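S.K.: Structure file coords-v7.tsv (TSV, C-alpha atoms and all ligand atoms) right here:
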chain	number	residue	atom	x	y	z
A	1	MET	CA	48.77	76.71	-48.04
A	2	PHE	CA	48.72	76.39	-44.25
A	3	GLY	CA	50.00	79.93	-43.97
A	4	LEU	CA	46.94	81.13	-45.89
A	5	HIS	CA	44.69	79.09	-43.66
A	6	TYR	CA	46.34	80.53	-40.61
A	7	ARG	CA	45.68	84.06	-41.87
A	8	LEU	CA	42.09	83.20	-42.86
A	9	GLU	CA	41.32	81.85	-39.42
A	10	LYS	CA	42.25	85.18	-37.93
A	11	HIS	CA	39.76	87.09	-40.14
A	12	GLY	CA	36.20	86.02	-39.41
A	13	LEU	CA	34.64	87.52	-42.53
A	14	ALA	CA	37.26	86.12	-44.88
A	15	LEU	CA	36.84	82.69	-43.30
A	16	VAL	CA	33.05	82.81	-43.76
A	17	LEU	CA	33.45	83.84	-47.41
A	18	GLY	CA	35.98	81.06	-47.89
A	19	ILE	CA	33.58	78.51	-46.41
A	20	ILE	CA	30.74	79.73	-48.65
A	21	PHE	CA	33.02	79.47	-51.71
A	22	VAL	CA	34.11	75.91	-50.92
A	23	ALA	CA	30.55	74.76	-50.07
A	24	ALA	CA	29.28	76.32	-53.32
A	25	ILE	CA	31.57	74.04	-55.34
A	26	GLY	CA	29.88	71.01	-53.77
A	27	GLY	CA	26.47	72.53	-54.41
A	28	LEU	CA	27.24	73.19	-58.07
A	29	VAL	CA	28.43	69.65	-58.61
A	30	GLU	CA	25.08	68.42	-57.30
A	31	ILE	CA	22.86	70.99	-58.99
A	32	ALA	CA	24.46	71.28	-62.45
A	33	PRO	CA	23.37	67.83	-63.75
A	34	LEU	CA	19.74	68.74	-63.00
A	35	PHE	CA	19.82	71.35	-65.78
A	36	THR	CA	20.12	68.54	-68.35
A	37	ILE	CA	17.55	66.26	-66.73
A	38	ASP	CA	15.22	66.46	-69.73
A	39	GLU	CA	17.90	64.96	-71.96
A	40	THR	CA	19.24	62.38	-69.52
A	41	VAL	CA	15.99	60.90	-68.20
A	42	GLU	CA	14.30	59.00	-71.01
A	43	ASP	CA	10.57	59.06	-71.60
A	44	ALA	CA	8.26	56.05	-71.68
A	45	PRO	CA	4.87	56.89	-73.18
A	46	ASP	CA	3.74	53.27	-72.76
A	47	MET	CA	4.36	53.34	-68.99
A	48	ARG	CA	1.35	51.97	-67.15
A	49	LEU	CA	0.27	52.54	-63.56
A	50	TYR	CA	0.31	50.03	-60.72
A	51	THR	CA	-3.22	48.70	-60.24
A	52	PRO	CA	-4.70	48.91	-56.72
A	53	LEU	CA	-3.88	45.20	-56.14
A	54	GLU	CA	-0.27	45.79	-57.20
A	55	VAL	CA	-0.07	48.87	-54.95
A	56	ALA	CA	-1.30	46.68	-52.08
A	57	GLY	CA	1.38	44.10	-52.95
A	58	ARG	CA	4.00	46.79	-53.05
A	59	ASN	CA	2.94	47.99	-49.60
A	60	ILE	CA	3.33	44.42	-48.30
A	61	TYR	CA	6.77	44.21	-49.93
A	62	ILE	CA	7.78	47.34	-48.02
A	63	ARG	CA	6.07	46.25	-44.78
A	64	GLU	CA	7.87	42.89	-44.79
A	65	GLY	CA	11.23	44.50	-45.49
A	66	CYS	CA	11.94	42.54	-48.67
A	67	TYR	CA	14.17	45.47	-49.67
A	68	ALA	CA	16.54	44.53	-46.84
A	69	CYS	CA	17.72	41.59	-48.96
A	70	HIS	CA	16.62	42.49	-52.49
A	71	SER	CA	17.48	45.46	-54.71
A	72	GLN	CA	15.39	46.62	-57.63
A	73	MET	CA	18.00	48.21	-59.82
A	74	ILE	CA	20.05	46.46	-62.46
A	75	ARG	CA	23.30	48.32	-62.93
A	76	THR	CA	24.93	49.06	-66.28
A	77	LEU	CA	27.53	46.35	-65.78
A	78	ARG	CA	27.87	43.45	-68.16
A	79	ASP	CA	27.52	40.68	-65.56
A	80	GLU	CA	24.32	42.25	-64.22
A	81	VAL	CA	22.79	42.71	-67.66
A	82	GLU	CA	23.60	39.10	-68.58
A	83	ARG	CA	22.10	37.79	-65.37
A	84	TYR	CA	19.04	39.99	-64.92
A	85	GLY	CA	18.27	41.58	-68.30
A	86	PRO	CA	18.45	45.17	-69.62
A	87	TYR	CA	19.78	47.64	-67.05
A	88	SER	CA	17.20	49.71	-65.17
A	89	LEU	CA	16.14	53.10	-66.51
A	90	ALA	CA	15.20	56.02	-64.25
A	91	VAL	CA	11.77	56.22	-65.89
A	92	GLU	CA	10.95	52.70	-64.73
A	93	SER	CA	10.79	53.90	-61.10
A	94	LYS	CA	8.84	57.02	-62.04
A	95	TYR	CA	5.78	55.95	-60.04
A	96	ASP	CA	7.68	54.31	-57.18
A	97	HIS	CA	7.09	56.21	-53.95
A	98	PRO	CA	9.30	55.37	-52.17
A	99	MET	CA	11.70	53.85	-54.69
A	100	GLN	CA	13.02	50.36	-53.98
A	101	TRP	CA	16.43	50.55	-55.65
A	102	GLY	CA	18.22	49.40	-52.52
A	103	SER	CA	21.85	48.58	-52.09
A	104	LYS	CA	21.73	45.27	-50.25
A	105	ARG	CA	21.65	42.02	-52.17
A	106	THR	CA	21.45	39.04	-49.88
A	107	GLY	CA	19.08	37.68	-52.52
A	108	PRO	CA	19.02	38.47	-56.26
A	109	ASP	CA	17.86	41.73	-57.83
A	110	LEU	CA	14.10	41.73	-58.46
A	111	ALA	CA	13.75	44.61	-60.95
A	112	ARG	CA	12.82	42.15	-63.75
A	113	ILE	CA	11.38	39.26	-61.78
A	114	GLY	CA	7.93	39.71	-63.42
A	115	GLY	CA	7.13	36.70	-65.62
A	116	LYS	CA	10.35	34.85	-64.75
A	117	TYR	CA	8.44	32.23	-62.73
A	118	SER	CA	4.84	31.02	-62.61
A	119	ASP	CA	2.44	32.18	-59.90
A	120	GLU	CA	2.60	28.67	-58.42
A	121	TRP	CA	6.38	28.93	-58.09
A	122	GLN	CA	6.13	32.36	-56.42
A	123	VAL	CA	3.51	31.11	-53.95
A	124	ALA	CA	5.44	27.92	-53.13
A	125	HIS	CA	8.63	29.97	-52.72
A	126	LEU	CA	7.03	32.52	-50.40
A	127	ILE	CA	5.38	29.77	-48.32
A	128	ASN	CA	8.64	27.88	-47.95
A	129	PRO	CA	11.67	29.01	-49.99
A	130	ARG	CA	13.46	25.69	-49.21
A	131	ALA	CA	10.70	23.78	-51.04
A	132	VAL	CA	11.90	25.15	-54.39
A	133	VAL	CA	15.50	26.29	-53.72
A	134	SER	CA	16.94	23.80	-51.24
A	135	GLN	CA	19.88	25.96	-50.07
A	136	SER	CA	17.81	29.17	-49.73
A	137	ILE	CA	18.22	31.32	-46.62
A	138	MET	CA	15.15	33.45	-47.38
A	139	PRO	CA	12.57	33.55	-44.56
A	140	SER	CA	9.17	31.92	-44.99
A	141	TYR	CA	6.13	34.16	-45.50
A	142	ARG	CA	3.52	31.43	-45.08
A	143	PHE	CA	1.05	33.69	-43.25
A	144	LEU	CA	0.48	35.82	-46.36
A	145	ALA	CA	-1.54	32.98	-47.89
A	146	SER	CA	-3.97	32.89	-44.98
A	147	THR	CA	-4.19	36.63	-44.27
A	148	ALA	CA	-7.12	38.42	-45.91
A	149	LEU	CA	-6.04	41.48	-47.87
A	150	ARG	CA	-7.30	44.80	-46.56
A	151	THR	CA	-8.89	46.46	-49.60
A	152	ASP	CA	-11.19	49.13	-48.13
A	153	ASP	CA	-8.39	51.70	-47.85
A	154	LEU	CA	-6.86	51.26	-51.30
A	155	GLY	CA	-8.62	54.35	-52.67
A	156	LEU	CA	-6.79	56.40	-50.05
A	157	HIS	CA	-3.47	54.84	-51.05
A	158	LEU	CA	-4.05	55.81	-54.69
A	159	LYS	CA	-5.08	59.29	-53.60
A	160	ALA	CA	-1.87	59.70	-51.59
A	161	LEU	CA	0.17	58.56	-54.59
A	162	SER	CA	-1.67	61.00	-56.85
A	163	ARG	CA	-0.67	63.82	-54.48
A	164	VAL	CA	2.98	63.07	-55.23
A	165	GLY	CA	2.46	63.00	-58.98
A	166	VAL	CA	1.19	59.55	-60.00
A	167	PRO	CA	-1.62	60.28	-62.49
A	168	TYR	CA	-4.43	58.28	-60.84
A	169	THR	CA	-7.82	59.66	-61.84
A	170	GLN	CA	-10.77	60.22	-59.51
A	171	GLU	CA	-12.46	57.25	-61.19
A	172	MET	CA	-9.51	55.01	-60.31
A	173	VAL	CA	-9.61	56.19	-56.71
A	174	THR	CA	-13.36	55.58	-56.43
A	175	ASN	CA	-13.11	52.07	-57.90
A	176	ALA	CA	-9.89	51.02	-56.17
A	177	THR	CA	-11.41	48.42	-53.87
A	178	ALA	CA	-13.59	46.85	-56.58
A	179	ASP	CA	-10.67	46.80	-59.03
A	180	ALA	CA	-8.40	45.05	-56.53
A	181	ILE	CA	-10.99	42.34	-55.89
A	182	ALA	CA	-11.67	42.00	-59.63
A	183	GLN	CA	-7.98	41.59	-60.48
A	184	ALA	CA	-7.60	38.77	-57.98
A	185	SER	CA	-10.45	36.82	-59.59
A	186	ALA	CA	-10.33	34.78	-62.77
A	187	ASP	CA	-12.53	36.99	-64.96
A	188	GLY	CA	-11.04	40.37	-64.08
A	189	GLY	CA	-13.61	42.83	-65.31
A	190	GLU	CA	-14.10	45.37	-68.03
A	191	GLY	CA	-13.70	48.37	-65.74
A	192	LEU	CA	-10.27	47.15	-64.66
A	193	THR	CA	-8.89	46.85	-68.19
A	194	THR	CA	-10.41	50.15	-69.39
A	195	ARG	CA	-8.82	51.93	-66.47
A	196	TYR	CA	-5.43	50.19	-66.39
A	197	GLY	CA	-4.98	48.86	-69.92
A	198	THR	CA	-5.55	45.52	-71.61
A	199	ALA	CA	-2.15	44.22	-70.49
A	200	THR	CA	-3.44	44.08	-66.90
A	201	GLN	CA	-3.13	40.54	-65.58
A	202	ALA	CA	-6.24	39.38	-63.75
A	203	ARG	CA	-6.29	35.91	-62.22
A	204	VAL	CA	-6.32	34.03	-58.93
A	205	PHE	CA	-2.66	34.64	-58.09
A	206	ASP	CA	-2.52	32.55	-54.92
A	207	GLY	CA	-4.43	29.56	-56.31
A	208	ASN	CA	-7.26	30.04	-53.78
A	209	PRO	CA	-10.35	31.57	-55.43
A	210	GLY	CA	-12.26	31.74	-52.12
A	211	GLN	CA	-10.45	34.73	-50.64
A	212	VAL	CA	-8.38	37.74	-51.72
A	213	THR	CA	-5.24	37.34	-49.62
A	214	GLU	CA	-2.03	39.27	-49.09
A	215	MET	CA	-0.39	36.53	-51.14
A	216	ASP	CA	-2.58	37.51	-54.14
A	217	ALA	CA	-1.39	41.11	-53.85
A	218	LEU	CA	2.30	40.35	-53.37
A	219	VAL	CA	2.44	37.88	-56.27
A	220	ALA	CA	0.53	40.31	-58.53
A	221	TYR	CA	3.15	42.92	-57.68
A	222	LEU	CA	6.12	40.59	-58.25
A	223	GLN	CA	4.70	39.51	-61.61
A	224	ILE	CA	4.55	43.10	-62.88
A	225	LEU	CA	8.07	44.10	-61.84
A	226	GLY	CA	10.01	45.23	-64.89
A	227	ARG	CA	6.92	45.06	-67.09
A	228	LEU	CA	5.32	48.47	-66.63
A	229	THR	CA	7.03	49.73	-69.77
A	230	ASN	CA	9.00	48.26	-72.61
A	231	ALA	CA	11.43	51.18	-72.68
A	232	ALA	CA	14.39	49.29	-71.22
A	233	HIS	CA	14.07	46.46	-73.76
A	234	ALA	CA	13.71	48.89	-76.67
A	235	ASN	CA	16.75	50.73	-75.36
A	236	SER	CA	18.92	47.62	-75.16
A	237	GLN	CA	18.45	46.55	-78.79
A	238	PRO	CA	21.70	46.59	-80.72
A	239	PRO	CA	22.07	49.60	-83.01
A	240	GLU	CA	21.05	49.03	-86.63
A	241	GLU	CA	23.88	48.33	-89.03
B	1	LIG	C1	17.00	37.46	-45.30
B	1	LIG	C2	17.03	37.89	-46.67
B	1	LIG	C3	15.77	37.84	-47.53
B	1	LIG	C4	14.56	38.44	-47.30
B	1	LIG	C5	14.13	39.29	-46.12
B	1	LIG	C6	13.75	38.17	-48.46
B	1	LIG	N1	14.46	37.41	-49.35
B	1	LIG	FE1	13.83	36.82	-51.20
B	1	LIG	N2	15.56	35.80	-51.48
B	1	LIG	C7	16.61	35.74	-50.59
B	1	LIG	C8	17.63	34.83	-51.11
B	1	LIG	C9	18.93	34.51	-50.43
B	1	LIG	C10	17.17	34.36	-52.36
B	1	LIG	C11	17.86	33.36	-53.30
B	1	LIG	C12	17.46	31.93	-52.95
B	1	LIG	C13	16.01	31.67	-53.26
B	1	LIG	O1	15.61	31.73	-54.44
B	1	LIG	O2	15.23	31.42	-52.32
B	1	LIG	C14	15.86	34.99	-52.57
B	1	LIG	C15	15.08	34.81	-53.69
B	1	LIG	C16	13.91	35.47	-53.96
B	1	LIG	C17	13.17	35.40	-55.21
B	1	LIG	C18	13.59	34.62	-56.46
B	1	LIG	C19	14.56	35.46	-57.26
B	1	LIG	C20	15.10	34.80	-58.49
B	1	LIG	O3	15.44	35.50	-59.44
B	1	LIG	O4	15.21	33.57	-58.50
B	1	LIG	C21	12.05	36.17	-55.06
B	1	LIG	C22	10.96	36.40	-56.08
B	1	LIG	C23	12.08	36.72	-53.72
B	1	LIG	N3	13.23	36.29	-53.07
B	1	LIG	C24	11.11	37.54	-53.19
B	1	LIG	C25	11.13	38.03	-51.88
B	1	LIG	C26	10.04	38.79	-51.29
B	1	LIG	C27	8.77	39.18	-52.02
B	1	LIG	C28	10.41	39.05	-50.02
B	1	LIG	C29	9.60	39.78	-48.95
B	1	LIG	C30	8.29	39.22	-48.66
B	1	LIG	C31	11.72	38.51	-49.80
B	1	LIG	N4	12.13	37.89	-50.95
B	1	LIG	C32	12.45	38.62	-48.63
B	1	LIG	C33	16.71	36.44	-49.41
B	1	LIG	C34	15.69	37.19	-48.81
Re-express the file's structure as C-alpha cells.
Ligand code: HEC
M.R.:
Amino acid sequence: MFGLHYRLEKHGLALVLGIIFVAAIGGLVEIAPLFTIDETVEDAPDMRLYTPLEVAGRNIYIREGCYACHSQMIRTLRDEVERYGPYSLAVESKYDHPMQWGSKRTGPDLARIGGKYSDEWQVAHLINPRAVVSQSIMPSYRFLASTALRTDDLGLHLKALSRVGVPYTQEMVTNATADAIAQASADGGEGLTTRYGTATQARVFDGNPGQVTEMDALVAYLQILGRLTNAAHANSQPPEE
C-alpha cells in the first residue's frame, strides 16, 4: 500500500490521475442521490405561500437570530415525533429561502409551533418568557410590540423570493403592503384570501389594533409554522389494514 504510494508520488501524472479518481468517488456519492430526487422528495399540491405579513415575520425571526436557539426540523426519531408531531418533509421548506432547519436546540424545535399556543401566549412569551415559563432562559423581545412594522418594502421582498422560485404573482407583489396591513387587522379583506387562500389567518395578532407592529408579523409567522401544507400529517397516518 505504502509502496504504491511511494511510487505514485514519484510520477506526477499518475498522482494527479489518482487524486482525480479518489475525488470522483466523493463526487459520485454526493451526486448520485440527486438522480432519484423526483421519487424521494414528496409533492404537496396544497402547499400555500407565506403571506407578506408572514414573510415580514420570518425576516424578523432571522434578524433576531431565533435560529441560534431553535431548529425547524423534526427528525425521523420516535422521541421527536412524539414530542413535536409528524417528522418534517423536504417539501415543507420548499419556499424557505434561506431554510431554517438549524442544528442548535437551546429551546425546542419550532417546525410545528403554529396553533400550539394562542396569540396572547405568544405575545406574553415574547415580551417576557419568564411570565409564562418561569425557568425559561429565552431573551425578552419586548421592543417588538412597540416597533412599527416596515411594510413599504414587502413587495420587493416577494419579488426577490420569486426570483429564486417562489411562485408569487405580479398581483401579489403589487398588493404586498396592503395585504400585510389587512392581515394584521380583524376583518382581513377579500383580496388577501383570494390571493393566499381562505385558510389565511387575519386578525390583530399582537392585541393592539392601533398599529401594525413587528410583534404582529412575528406571531403571524409563528402561527403558520407547520401549517402551510397537510402533507406531513397525511404521510404519518398508519397504513390501512
Ligand atoms: C438564547 C436562546 C433563545 C433564543 C435566542 C430564542 N429562544 Fe425561544 N426558547 C428558548 C428556550 C430555552 C425555550 C424554552 C422555554 C420557554 O418556553 O421559554 C424557548 C421557547 C420558545 C417557544 C415556545 C416553544 C414551545 O414549544 O413551547 C417559542 C414559540 C419561541 N421560543 C420562539 C422564539 C422566537 C420567535 C425567538 C426569536 C425572536 C426566540 N424564541 C429566541 C431559547 C431561545
S.K.: Go through the chains and note each residue within 8 Å of ligand LIG 1 (chain B), using all atoms listed in the file, then give the set as an MDAnalysis selection string.
M.R.: chainID A and resid 60:62 64:70 84 105:110 113 116 122 125:126 129:130 132:139 141 218:219 222
S.K.: Please, could you write that set of residues out with C-alpha atoms as a PDB file, in the frame of the given file?
M.R.:
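Result saved to out_17.pdb:
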ATOM      1  CA  ILE A  60       3.330  44.420 -48.300  1.00  0.00           C
ATOM      2  CA  TYR A  61       6.770  44.210 -49.930  1.00  0.00           C
ATOM      3  CA  ILE A  62       7.780  47.340 -48.020  1.00  0.00           C
ATOM      4  CA  GLU A  64       7.870  42.890 -44.790  1.00  0.00           C
ATOM      5  CA  GLY A  65      11.230  44.500 -45.490  1.00  0.00           C
ATOM      6  CA  CYS A  66      11.940  42.540 -48.670  1.00  0.00           C
ATOM      7  CA  TYR A  67      14.170  45.470 -49.670  1.00  0.00           C
ATOM      8  CA  ALA A  68      16.540  44.530 -46.840  1.00  0.00           C
ATOM      9  CA  CYS A  69      17.720  41.590 -48.960  1.00  0.00           C
ATOM     10  CA  HIS A  70      16.620  42.490 -52.490  1.00  0.00           C
ATOM     11  CA  TYR A  84      19.040  39.990 -64.920  1.00  0.00           C
ATOM     12  CA  ARG A 105      21.650  42.020 -52.170  1.00  0.00           C
ATOM     13  CA  THR A 106      21.450  39.040 -49.880  1.00  0.00           C
ATOM     14  CA  GLY A 107      19.080  37.680 -52.520  1.00  0.00           C
ATOM     15  CA  PRO A 108      19.020  38.470 -56.260  1.00  0.00           C
ATOM     16  CA  ASP A 109      17.860  41.730 -57.830  1.00  0.00           C
ATOM     17  CA  LEU A 110      14.100  41.730 -58.460  1.00  0.00           C
ATOM     18  CA  ILE A 113      11.380  39.260 -61.780  1.00  0.00           C
ATOM     19  CA  LYS A 116      10.350  34.850 -64.750  1.00  0.00           C
ATOM     20  CA  GLN A 122       6.130  32.360 -56.420  1.00  0.00           C
ATOM     21  CA  HIS A 125       8.630  29.970 -52.720  1.00  0.00           C
ATOM     22  CA  LEU A 126       7.030  32.520 -50.400  1.00  0.00           C
ATOM     23  CA  PRO A 129      11.670  29.010 -49.990  1.00  0.00           C
ATOM     24  CA  ARG A 130      13.460  25.690 -49.210  1.00  0.00           C
ATOM     25  CA  VAL A 132      11.900  25.150 -54.390  1.00  0.00           C
ATOM     26  CA  VAL A 133      15.500  26.290 -53.720  1.00  0.00           C
ATOM     27  CA  SER A 134      16.940  23.800 -51.240  1.00  0.00           C
ATOM     28  CA  GLN A 135      19.880  25.960 -50.070  1.00  0.00           C
ATOM     29  CA  SER A 136      17.810  29.170 -49.730  1.00  0.00           C
ATOM     30  CA  ILE A 137      18.220  31.320 -46.620  1.00  0.00           C
ATOM     31  CA  MET A 138      15.150  33.450 -47.380  1.00  0.00           C
ATOM     32  CA  PRO A 139      12.570  33.550 -44.560  1.00  0.00           C
ATOM     33  CA  TYR A 141       6.130  34.160 -45.500  1.00  0.00           C
ATOM     34  CA  LEU A 218       2.300  40.350 -53.370  1.00  0.00           C
ATOM     35  CA  VAL A 219       2.440  37.880 -56.270  1.00  0.00           C
ATOM     36  CA  LEU A 222       6.120  40.590 -58.250  1.00  0.00           C
TER      37      LEU A 222
END
S.K.: My list of candidates is A:Gly189, A:Gly115, A:Gly197, A:Gly165. Which is closest to A:Ile224 when distances are computed with only C-alpha atoms?
M.R.: A:Gly115
S.K.: Pick the closest to A:Ala90 from A:Val41, A:Ile19, A:Ala14, A:Leu49: which is it, counting all atoms listed in the file?
M.R.: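 When distances to A:Ala90 are compared using all atoms listed in the file, the smallest one comes from A:Val41.
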S.K.: May I have the protein, DNA and RNA residues with any atom at most 10 Å from the point (-8.4, 62.6, -56.8), counting all atoms listed in the file, written as a PyMOL selection string?
M.R.: chain A and resi 155-156+158-163+167-174
S.K.: Skipping near chain neighbours, those fewer than 5 positions away, what residues fall within 12 Å of A:Val204 using all atoms listed in the file, listed as a PDB file with C-alpha atoms, in the coordinates of the input?
M.R.:
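Saved file out00.pdb follows:
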ATOM      1  CA  LEU A  53      -3.880  45.200 -56.140  1.00  0.00           C
ATOM      2  CA  ASP A 119       2.440  32.180 -59.900  1.00  0.00           C
ATOM      3  CA  GLU A 120       2.600  28.670 -58.420  1.00  0.00           C
ATOM      4  CA  VAL A 123       3.510  31.110 -53.950  1.00  0.00           C
ATOM      5  CA  ALA A 180      -8.400  45.050 -56.530  1.00  0.00           C
ATOM      6  CA  ILE A 181     -10.990  42.340 -55.890  1.00  0.00           C
ATOM      7  CA  ALA A 182     -11.670  42.000 -59.630  1.00  0.00           C
ATOM      8  CA  GLN A 183      -7.980  41.590 -60.480  1.00  0.00           C
ATOM      9  CA  ALA A 184      -7.600  38.770 -57.980  1.00  0.00           C
ATOM     10  CA  SER A 185     -10.450  36.820 -59.590  1.00  0.00           C
ATOM     11  CA  ALA A 186     -10.330  34.780 -62.770  1.00  0.00           C
ATOM     12  CA  ASP A 187     -12.530  36.990 -64.960  1.00  0.00           C
ATOM     13  CA  GLY A 188     -11.040  40.370 -64.080  1.00  0.00           C
ATOM     14  CA  PRO A 209     -10.350  31.570 -55.430  1.00  0.00           C
ATOM     15  CA  GLY A 210     -12.260  31.740 -52.120  1.00  0.00           C
ATOM     16  CA  GLN A 211     -10.450  34.730 -50.640  1.00  0.00           C
ATOM     17  CA  VAL A 212      -8.380  37.740 -51.720  1.00  0.00           C
ATOM     18  CA  THR A 213      -5.240  37.340 -49.620  1.00  0.00           C
ATOM     19  CA  GLU A 214      -2.030  39.270 -49.090  1.00  0.00           C
ATOM     20  CA  MET A 215      -0.390  36.530 -51.140  1.00  0.00           C
ATOM     21  CA  ASP A 216      -2.580  37.510 -54.140  1.00  0.00           C
ATOM     22  CA  ALA A 217      -1.390  41.110 -53.850  1.00  0.00           C
ATOM     23  CA  VAL A 219       2.440  37.880 -56.270  1.00  0.00           C
ATOM     24  CA  ALA A 220       0.530  40.310 -58.530  1.00  0.00           C
TER      25      ALA A 220
END
S.K.: Can you measure atom CA of A:Lys104 to atom CA of A:Ile127 for me? One decimal in Å is fine.
M.R.: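 So the answer is 22.6 Å.
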S.K.: In Å, how far is it from atom CA of A:Asp38 to atom CA of A:Val91?
M.R.: 11.5 Å
S.K.: Around all of stretch 94-99 of chain A's listed atoms, make the axis-aligned box with 4 Å on each side and tell me centre and edge lengths in Å to one decimal, as AutoDock Vina command-line options.
M.R.:
--center_x 8.7 --center_y 55.4 --center_z -57.1 --size_x 13.9 --size_y 11.2 --size_z 17.9
S.K.: Quick one, how far is atom CA of A:His157 from atom CA of A:Glu54?
M.R.: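 Atom-to-atom, atom CA of A:His157 to atom CA of A:Glu54, that is 11.4 Å.
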S.K.: Please determine, counting all atoms listed in the file, which residue among A:Ser118, A:Gln72, A:Thr147, A:Asn59 has the shortest atom-to-atom distance to A:His97.
M.R.: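 Smallest separation from A:His97 among the options: A:Asn59.
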S.K.: Within 10 Å of A:Arg112, counting all atoms listed in the file, which residues qualify if same-chain residues fewer than 6 places away don't, as a PDB file with C-alpha atoms, in the coordinates of the input?
M.R.:
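Below is the file out-v4.pdb, written as the result:
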ATOM      1  CA  GLN A  72      15.390  46.620 -57.630  1.00  0.00           C
ATOM      2  CA  MET A  73      18.000  48.210 -59.820  1.00  0.00           C
ATOM      3  CA  ILE A  74      20.050  46.460 -62.460  1.00  0.00           C
ATOM      4  CA  TYR A  84      19.040  39.990 -64.920  1.00  0.00           C
ATOM      5  CA  GLY A  85      18.270  41.580 -68.300  1.00  0.00           C
ATOM      6  CA  PRO A  86      18.450  45.170 -69.620  1.00  0.00           C
ATOM      7  CA  TYR A  87      19.780  47.640 -67.050  1.00  0.00           C
ATOM      8  CA  SER A  88      17.200  49.710 -65.170  1.00  0.00           C
ATOM      9  CA  LEU A 222       6.120  40.590 -58.250  1.00  0.00           C
ATOM     10  CA  GLN A 223       4.700  39.510 -61.610  1.00  0.00           C
ATOM     11  CA  ILE A 224       4.550  43.100 -62.880  1.00  0.00           C
ATOM     12  CA  LEU A 225       8.070  44.100 -61.840  1.00  0.00           C
ATOM     13  CA  GLY A 226      10.010  45.230 -64.890  1.00  0.00           C
ATOM     14  CA  ARG A 227       6.920  45.060 -67.090  1.00  0.00           C
TER      15      ARG A 227
END
S.K.: Once N, CA and C atoms are restored for stretch 89-106 of chain A, what would the output be as a PDB file, keeping the file's coordinate frame?
M.R.:
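Dumped everything to part01.pdb:
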ATOM      1  N   LEU A  89      16.195  51.693 -66.114  1.00  0.00           N
ATOM      2  CA  LEU A  89      16.140  53.100 -66.510  1.00  0.00           C
ATOM      3  C   LEU A  89      15.442  53.884 -65.410  1.00  0.00           C
ATOM      4  N   ALA A  90      15.804  55.171 -65.294  1.00  0.00           N
ATOM      5  CA  ALA A  90      15.200  56.020 -64.250  1.00  0.00           C
ATOM      6  C   ALA A  90      13.680  56.034 -64.403  1.00  0.00           C
ATOM      7  N   VAL A  91      13.214  56.081 -65.652  1.00  0.00           N
ATOM      8  CA  VAL A  91      11.770  56.220 -65.890  1.00  0.00           C
ATOM      9  C   VAL A  91      10.993  55.020 -65.336  1.00  0.00           C
ATOM     10  N   GLU A  92      11.651  53.881 -65.215  1.00  0.00           N
ATOM     11  CA  GLU A  92      10.950  52.700 -64.730  1.00  0.00           C
ATOM     12  C   GLU A  92      10.538  52.831 -63.256  1.00  0.00           C
ATOM     13  N   SER A  93      11.201  53.700 -62.502  1.00  0.00           N
ATOM     14  CA  SER A  93      10.790  53.900 -61.100  1.00  0.00           C
ATOM     15  C   SER A  93      10.022  55.204 -60.938  1.00  0.00           C
ATOM     16  N   LYS A  94       9.538  55.736 -62.064  1.00  0.00           N
ATOM     17  CA  LYS A  94       8.840  57.020 -62.040  1.00  0.00           C
ATOM     18  C   LYS A  94       7.685  57.057 -61.035  1.00  0.00           C
ATOM     19  N   TYR A  95       6.948  55.963 -60.919  1.00  0.00           N
ATOM     20  CA  TYR A  95       5.780  55.950 -60.040  1.00  0.00           C
ATOM     21  C   TYR A  95       6.060  55.258 -58.710  1.00  0.00           C
ATOM     22  N   ASP A  96       7.332  54.997 -58.418  1.00  0.00           N
ATOM     23  CA  ASP A  96       7.680  54.310 -57.180  1.00  0.00           C
ATOM     24  C   ASP A  96       7.899  55.303 -56.041  1.00  0.00           C
ATOM     25  N   HIS A  97       6.956  55.346 -55.131  1.00  0.00           N
ATOM     26  CA  HIS A  97       7.090  56.210 -53.950  1.00  0.00           C
ATOM     27  C   HIS A  97       6.875  55.369 -52.709  1.00  0.00           C
ATOM     28  N   PRO A  98       7.893  55.053 -51.934  1.00  0.00           N
ATOM     29  CA  PRO A  98       9.300  55.370 -52.170  1.00  0.00           C
ATOM     30  C   PRO A  98       9.932  54.357 -53.122  1.00  0.00           C
ATOM     31  N   MET A  99      11.034  54.770 -53.763  1.00  0.00           N
ATOM     32  CA  MET A  99      11.700  53.850 -54.690  1.00  0.00           C
ATOM     33  C   MET A  99      12.306  52.674 -53.927  1.00  0.00           C
ATOM     34  N   GLN A 100      12.515  51.582 -54.619  1.00  0.00           N
ATOM     35  CA  GLN A 100      13.020  50.360 -53.980  1.00  0.00           C
ATOM     36  C   GLN A 100      14.364  49.929 -54.549  1.00  0.00           C
ATOM     37  N   TRP A 101      15.158  50.908 -55.016  1.00  0.00           N
ATOM     38  CA  TRP A 101      16.430  50.550 -55.650  1.00  0.00           C
ATOM     39  C   TRP A 101      17.291  49.680 -54.722  1.00  0.00           C
ATOM     40  N   GLY A 102      17.467  50.179 -53.507  1.00  0.00           N
ATOM     41  CA  GLY A 102      18.220  49.400 -52.520  1.00  0.00           C
ATOM     42  C   GLY A 102      19.685  49.277 -52.830  1.00  0.00           C
ATOM     43  N   SER A 103      20.417  48.763 -51.870  1.00  0.00           N
ATOM     44  CA  SER A 103      21.850  48.580 -52.090  1.00  0.00           C
ATOM     45  C   SER A 103      22.288  47.243 -51.518  1.00  0.00           C
ATOM     46  N   LYS A 104      21.366  46.507 -50.917  1.00  0.00           N
ATOM     47  CA  LYS A 104      21.730  45.270 -50.250  1.00  0.00           C
ATOM     48  C   LYS A 104      21.199  44.102 -51.066  1.00  0.00           C
ATOM     49  N   ARG A 105      22.086  43.175 -51.402  1.00  0.00           N
ATOM     50  CA  ARG A 105      21.650  42.020 -52.170  1.00  0.00           C
ATOM     51  C   ARG A 105      22.037  40.728 -51.475  1.00  0.00           C
ATOM     52  N   THR A 106      21.274  40.371 -50.445  1.00  0.00           N
ATOM     53  CA  THR A 106      21.450  39.040 -49.880  1.00  0.00           C
ATOM     54  C   THR A 106      20.819  38.045 -50.848  1.00  0.00           C
TER      55      THR A 106
END
